[in-house]
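J.: Handing over entry14.pdb, PDB, C-alpha atoms.
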```
MODEL        1
ATOM      1  CA  MET A   1       0.000   0.000   0.000
ATOM      2  CA  SER A   2       1.405   3.375  -0.939
ATOM      3  CA  ILE A   3       1.332   6.603   0.986
ATOM      4  CA  PRO A   4      -1.737   8.815   0.513
ATOM      5  CA  LYS A   5      -1.407  11.418  -2.212
ATOM      6  CA  GLY A   6      -0.693  15.016  -1.313
ATOM      7  CA  PHE A   7       1.121  14.450   1.987
ATOM      8  CA  LYS A   8       4.815  15.042   2.523
ATOM      9  CA  MET A   9       6.708  12.375   4.402
ATOM     10  CA  THR A  10       9.531  14.766   5.210
ATOM     11  CA  HIS A  11       9.350  16.884   8.306
ATOM     12  CA  GLU A  12      11.484  19.957   7.614
ATOM     13  CA  GLN A  13       8.352  22.159   7.682
ATOM     14  CA  ILE A  14       7.946  21.605  11.440
ATOM     15  CA  GLY A  15       8.934  24.810  13.184
ATOM     16  CA  THR A  16       8.908  27.043  10.101
ATOM     17  CA  GLY A  17       6.200  29.469  11.196
ATOM     18  CA  LEU A  18       2.940  27.546  10.786
ATOM     19  CA  PRO A  19       1.269  24.949  12.982
ATOM     20  CA  THR A  20       2.031  21.446  11.732
ATOM     21  CA  LEU A  21      -0.143  18.359  12.027
ATOM     22  CA  VAL A  22       1.740  15.071  11.693
ATOM     23  CA  PHE A  23      -0.107  11.771  11.427
ATOM     24  CA  ILE A  24       1.730   8.558  12.319
ATOM     25  CA  TYR A  25       0.720   6.479   9.308
ATOM     26  CA  ASP A  26       0.648   2.687   9.509
ATOM     27  CA  PRO A  27      -0.509   1.132   6.215
ATOM     28  CA  ASN A  28      -1.583  -2.001   8.115
ATOM     29  CA  LEU A  29      -4.253  -0.092  10.050
ATOM     30  CA  GLY A  30      -7.565   0.710   8.367
ATOM     31  CA  VAL A  31      -7.883   3.837  10.484
ATOM     32  CA  SER A  32      -4.852   5.295   8.694
ATOM     33  CA  ILE A  33      -6.757   5.509   5.413
ATOM     34  CA  SER A  34      -9.807   7.029   7.085
ATOM     35  CA  GLN A  35      -7.684   9.551   8.970
ATOM     36  CA  THR A  36      -5.835  10.739   5.874
ATOM     37  CA  GLU A  37      -9.194  11.204   4.101
ATOM     38  CA  GLN A  38     -10.334  13.443   6.972
ATOM     39  CA  MET A  39      -6.999  15.296   6.886
ATOM     40  CA  ASN A  40      -7.543  15.996   3.191
ATOM     41  CA  LYS A  41     -10.954  17.532   3.936
ATOM     42  CA  ALA A  42      -9.519  19.669   6.743
ATOM     43  CA  ARG A  43      -6.598  20.741   4.543
ATOM     44  CA  ASP A  44      -9.034  21.869   1.845
ATOM     45  CA  GLN A  45     -10.654  24.244   4.343
ATOM     46  CA  LEU A  46      -7.483  25.428   6.097
ATOM     47  CA  SER A  47      -5.453  25.738   2.878
ATOM     48  CA  ASP A  48      -2.158  27.416   3.766
ATOM     49  CA  GLN A  49      -2.754  27.933   7.512
ATOM     50  CA  VAL A  50      -1.424  24.535   8.645
ATOM     51  CA  PHE A  51       1.093  22.019   7.301
ATOM     52  CA  PHE A  52      -0.297  18.466   7.035
ATOM     53  CA  LEU A  53       2.447  15.824   7.110
ATOM     54  CA  ILE A  54       2.772  12.052   7.417
ATOM     55  CA  ALA A  55       5.284  10.073   9.456
ATOM     56  CA  LYS A  56       5.103   6.589   7.962
ATOM     57  CA  ILE A  57       6.243   3.731  10.149
ATOM     58  CA  SER A  58       9.226   1.686   8.925
ATOM     59  CA  THR A  59      10.763   4.600   7.017
ATOM     60  CA  PRO A  60      13.914   6.376   8.234
ATOM     61  CA  GLU A  61      12.274   9.810   8.601
ATOM     62  CA  GLY A  62       9.061   8.427  10.059
ATOM     63  CA  ASP A  63      10.832   6.200  12.560
ATOM     64  CA  GLN A  64      13.062   9.105  13.663
ATOM     65  CA  LEU A  65      10.100  11.403  14.334
ATOM     66  CA  ILE A  66       8.249   8.573  16.107
ATOM     67  CA  ALA A  67      11.270   7.908  18.317
ATOM     68  CA  ASP A  68      11.916  11.598  19.025
ATOM     69  CA  HIS A  69       8.350  12.136  20.240
ATOM     70  CA  ARG A  70       7.553   8.636  21.559
ATOM     71  CA  ALA A  71       4.630   8.479  19.184
ATOM     72  CA  SER A  72       2.453   5.493  18.364
ATOM     73  CA  PRO A  73       0.844   4.293  15.127
ATOM     74  CA  ALA A  74      -2.386   6.157  14.305
ATOM     75  CA  GLU A  75      -1.461   9.079  16.554
ATOM     76  CA  LEU A  76      -1.824  12.723  15.529
ATOM     77  CA  LEU A  77       0.807  15.196  16.708
ATOM     78  CA  LEU A  78       0.304  18.954  16.609
ATOM     79  CA  PHE A  79       3.332  21.228  16.617
ATOM     80  CA  ASP A  80       3.106  24.961  17.193
ATOM     81  CA  PRO A  81       4.656  27.416  14.679
ATOM     82  CA  SER A  82       8.015  27.232  16.502
ATOM     83  CA  GLY A  83       8.079  23.418  16.315
ATOM     84  CA  ARG A  84       7.111  22.572  19.897
ATOM     85  CA  LEU A  85       4.807  19.557  20.310
ATOM     86  CA  ILE A  86       1.661  20.937  21.964
ATOM     87  CA  LYS A  87      -1.020  18.264  21.457
ATOM     88  CA  ARG A  88      -1.388  14.580  20.695
ATOM     89  CA  GLN A  89      -4.471  12.509  20.023
ATOM     90  CA  PHE A  90      -5.225   9.076  18.587
ATOM     91  CA  ALA A  91      -7.169   8.734  15.347
ATOM     92  CA  LEU A  92      -9.887   8.889  14.254
ATOM     93  CA  MET A  93     -10.756  12.577  14.198
ATOM     94  CA  ASN A  94     -13.175  13.861  11.578
ATOM     95  CA  SER A  95     -12.359  16.961   9.531
ATOM     96  CA  SER A  96     -14.404  19.293  11.753
ATOM     97  CA  GLU A  97     -12.674  17.981  14.873
ATOM     98  CA  LEU A  98      -9.295  18.359  13.198
ATOM     99  CA  ILE A  99      -9.984  21.949  12.183
ATOM    100  CA  GLN A 100     -11.049  22.879  15.684
ATOM    101  CA  TRP A 101      -8.133  20.960  17.212
ATOM    102  CA  VAL A 102      -5.448  22.673  15.115
ATOM    103  CA  THR A 103      -6.911  26.189  15.239
ATOM    104  CA  VAL A 104      -7.717  26.424  18.955
ATOM    105  CA  GLY A 105      -4.035  26.479  19.899
ATOM    106  CA  GLU A 106      -2.601  25.294  23.180
ATOM    107  CA  PRO A 107      -4.602  22.975  25.418
TER     108      PRO A 107
ENDMDL
END
```
Before we go any further, please render this structure as structure tokens.
T.:
Amino acid sequence: MSIPKGFKMTHEQIGTGLPTLVFIYDPNLGVSISQTEQMNKARDQLSDQVFFLIAKISTPEGDQLIADHRASPAELLLFDPSGRLIKRQFALMNSSELIQWVTVGEP
């Protein structure tokens, strides 16, 4: 199974001035497909206000981010514009929940 279209699997955008949502993508979990579909809907509404990225398990970049933040498969990580991890939540979140989650700011 390939990575969903439209998502970067590199993470250099974290900390570059916009909030960044990173989804820990595991192709063996059905929820991963559903979550990326909801991320696409949220991205359509938020356009250039938030970066939407993927950290795919069993890839060098994905495994590094997972290790650095002690993340789990199917977990969503929200980084503030400076790159600080401010929220984490397990999938599945629908697009409306995602939009509210990323735009409300700190918990």
J.: Name the residues captured by the PyMOL selection byres ((chain A and resi 25-28) around 9) when it is applied to the shown file; answer as a ChimeraX atom specification.
T.: /A:1-3,22-24,29-33,35-36,54-58,62,73-75
J.: Once the PyMOL selection byres ((chain A and resi 77-93) around 6) has been applied to the shown file, what residues remain in the selection, as a list of chain:residue names?
T.: A:Ile14, A:Gly15, A:Gly17, A:Leu18, A:Pro19, A:Thr20, A:Leu21, A:Val22, A:Gln35, A:Ala74, A:Glu75, A:Leu76, A:Asn94, A:Glu97
J.: Do you have the atom CA of Pro60 of chain A-atom CA of Lys41 of chain A distance handy?
T.: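 Calculated distance between atom CA of Pro60 of chain A and atom CA of Lys41 of chain A is 27.6 Å.
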J.: If I take atom CA of Gln100 of chain A and atom CA of Ala67 of chain A, how far is one from the other in Å, to one decimal?
T.: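 These atoms are spaced 27.0 Å apart.
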J.: So the first atom is atom CA of Met9 of chain A and the second is atom CA of Val104 of chain A; what is the distance between them in Å, to one decimal place?
T.: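 Computing it gives 24.8 Å between the two atoms.
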J.: Could you check the closest approach to Ile99 of chain A for each of A:Asn40, A:Thr59, A:Gln64, A:Ser72 and tell me which residue wins, using all atoms listed in the file?
T.: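 Ranked by minimum distance to Ile99 of chain A, first place goes to A:Asn40.
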J.: With N, CA and C atoms as the target, complete segment 11-41 of chain A and hand it back as a tab-separated table (two decimals), in the coordinates of the input.
T.:
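The result, written out as selection13.tsv:
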```tsv
chain	number	residue	atom	x	y	z
A	11	HIS	N	9.84	16.12	7.17
A	11	HIS	CA	9.35	16.88	8.31
A	11	HIS	C	10.08	18.21	8.51
A	12	GLU	N	10.74	18.70	7.48
A	12	GLU	CA	11.48	19.96	7.61
A	12	GLU	C	10.57	21.17	7.79
A	13	GLN	N	9.28	21.03	7.51
A	13	GLN	CA	8.35	22.16	7.68
A	13	GLN	C	7.99	22.40	9.15
A	14	ILE	N	8.24	21.42	10.01
A	14	ILE	CA	7.95	21.60	11.44
A	14	ILE	C	8.82	22.73	11.97
A	15	GLY	N	8.18	23.71	12.59
A	15	GLY	CA	8.93	24.81	13.18
A	15	GLY	C	9.28	25.93	12.23
A	16	THR	N	8.59	26.00	11.09
A	16	THR	CA	8.91	27.04	10.10
A	16	THR	C	7.84	28.13	10.03
A	17	GLY	N	7.11	28.33	11.14
A	17	GLY	CA	6.20	29.47	11.20
A	17	GLY	C	4.72	29.17	11.12
A	18	LEU	N	4.35	27.93	10.80
A	18	LEU	CA	2.94	27.55	10.79
A	18	LEU	C	2.75	26.33	11.69
A	19	PRO	N	1.55	26.19	12.26
A	19	PRO	CA	1.27	24.95	12.98
A	19	PRO	C	1.41	23.77	12.01
A	20	THR	N	1.82	22.63	12.56
A	20	THR	CA	2.03	21.45	11.73
A	20	THR	C	1.36	20.25	12.37
A	21	LEU	N	0.52	19.58	11.59
A	21	LEU	CA	-0.14	18.36	12.03
A	21	LEU	C	0.58	17.19	11.37
A	22	VAL	N	1.06	16.26	12.20
A	22	VAL	CA	1.74	15.07	11.69
A	22	VAL	C	0.95	13.85	12.12
A	23	PHE	N	0.61	13.01	11.15
A	23	PHE	CA	-0.11	11.77	11.43
A	23	PHE	C	0.86	10.61	11.31
A	24	ILE	N	0.89	9.75	12.34
A	24	ILE	CA	1.73	8.56	12.32
A	24	ILE	C	0.98	7.50	11.52
A	25	TYR	N	1.42	7.30	10.30
A	25	TYR	CA	0.72	6.48	9.31
A	25	TYR	C	1.24	5.05	9.32
A	26	ASP	N	0.34	4.11	9.56
A	26	ASP	CA	0.65	2.69	9.51
A	26	ASP	C	-0.25	2.07	8.44
A	27	PRO	N	0.32	1.66	7.31
A	27	PRO	CA	-0.51	1.13	6.22
A	27	PRO	C	-1.26	-0.15	6.58
A	28	ASN	N	-0.90	-0.78	7.69
A	28	ASN	CA	-1.58	-2.00	8.12
A	28	ASN	C	-2.83	-1.72	8.94
A	29	LEU	N	-3.08	-0.45	9.25
A	29	LEU	CA	-4.25	-0.09	10.05
A	29	LEU	C	-5.28	0.61	9.18
A	30	GLY	N	-6.50	0.10	9.16
A	30	GLY	CA	-7.56	0.71	8.37
A	30	GLY	C	-7.83	2.15	8.75
A	31	VAL	N	-7.63	2.47	10.03
A	31	VAL	CA	-7.88	3.84	10.48
A	31	VAL	C	-6.94	4.84	9.81
A	32	SER	N	-5.79	4.38	9.35
A	32	SER	CA	-4.85	5.30	8.69
A	32	SER	C	-5.45	5.87	7.41
A	33	ILE	N	-6.14	5.04	6.65
A	33	ILE	CA	-6.76	5.51	5.41
A	33	ILE	C	-7.88	6.49	5.74
A	34	SER	N	-8.71	6.13	6.70
A	34	SER	CA	-9.81	7.03	7.08
A	34	SER	C	-9.28	8.36	7.60
A	35	GLN	N	-8.21	8.31	8.40
A	35	GLN	CA	-7.68	9.55	8.97
A	35	GLN	C	-7.11	10.46	7.89
A	36	THR	N	-6.40	9.89	6.93
A	36	THR	CA	-5.84	10.74	5.87
A	36	THR	C	-6.94	11.34	5.01
A	37	GLU	N	-8.06	10.62	4.83
A	37	GLU	CA	-9.19	11.20	4.10
A	37	GLU	C	-9.74	12.42	4.85
A	38	GLN	N	-9.85	12.32	6.17
A	38	GLN	CA	-10.33	13.44	6.97
A	38	GLN	C	-9.32	14.59	6.97
A	39	MET	N	-8.04	14.25	6.97
A	39	MET	CA	-7.00	15.30	6.89
A	39	MET	C	-7.09	16.05	5.56
A	40	ASN	N	-7.38	15.34	4.49
A	40	ASN	CA	-7.54	16.00	3.19
A	40	ASN	C	-8.69	17.00	3.23
A	41	LYS	N	-9.81	16.62	3.84
A	41	LYS	CA	-10.95	17.53	3.94
A	41	LYS	C	-10.60	18.76	4.78
```
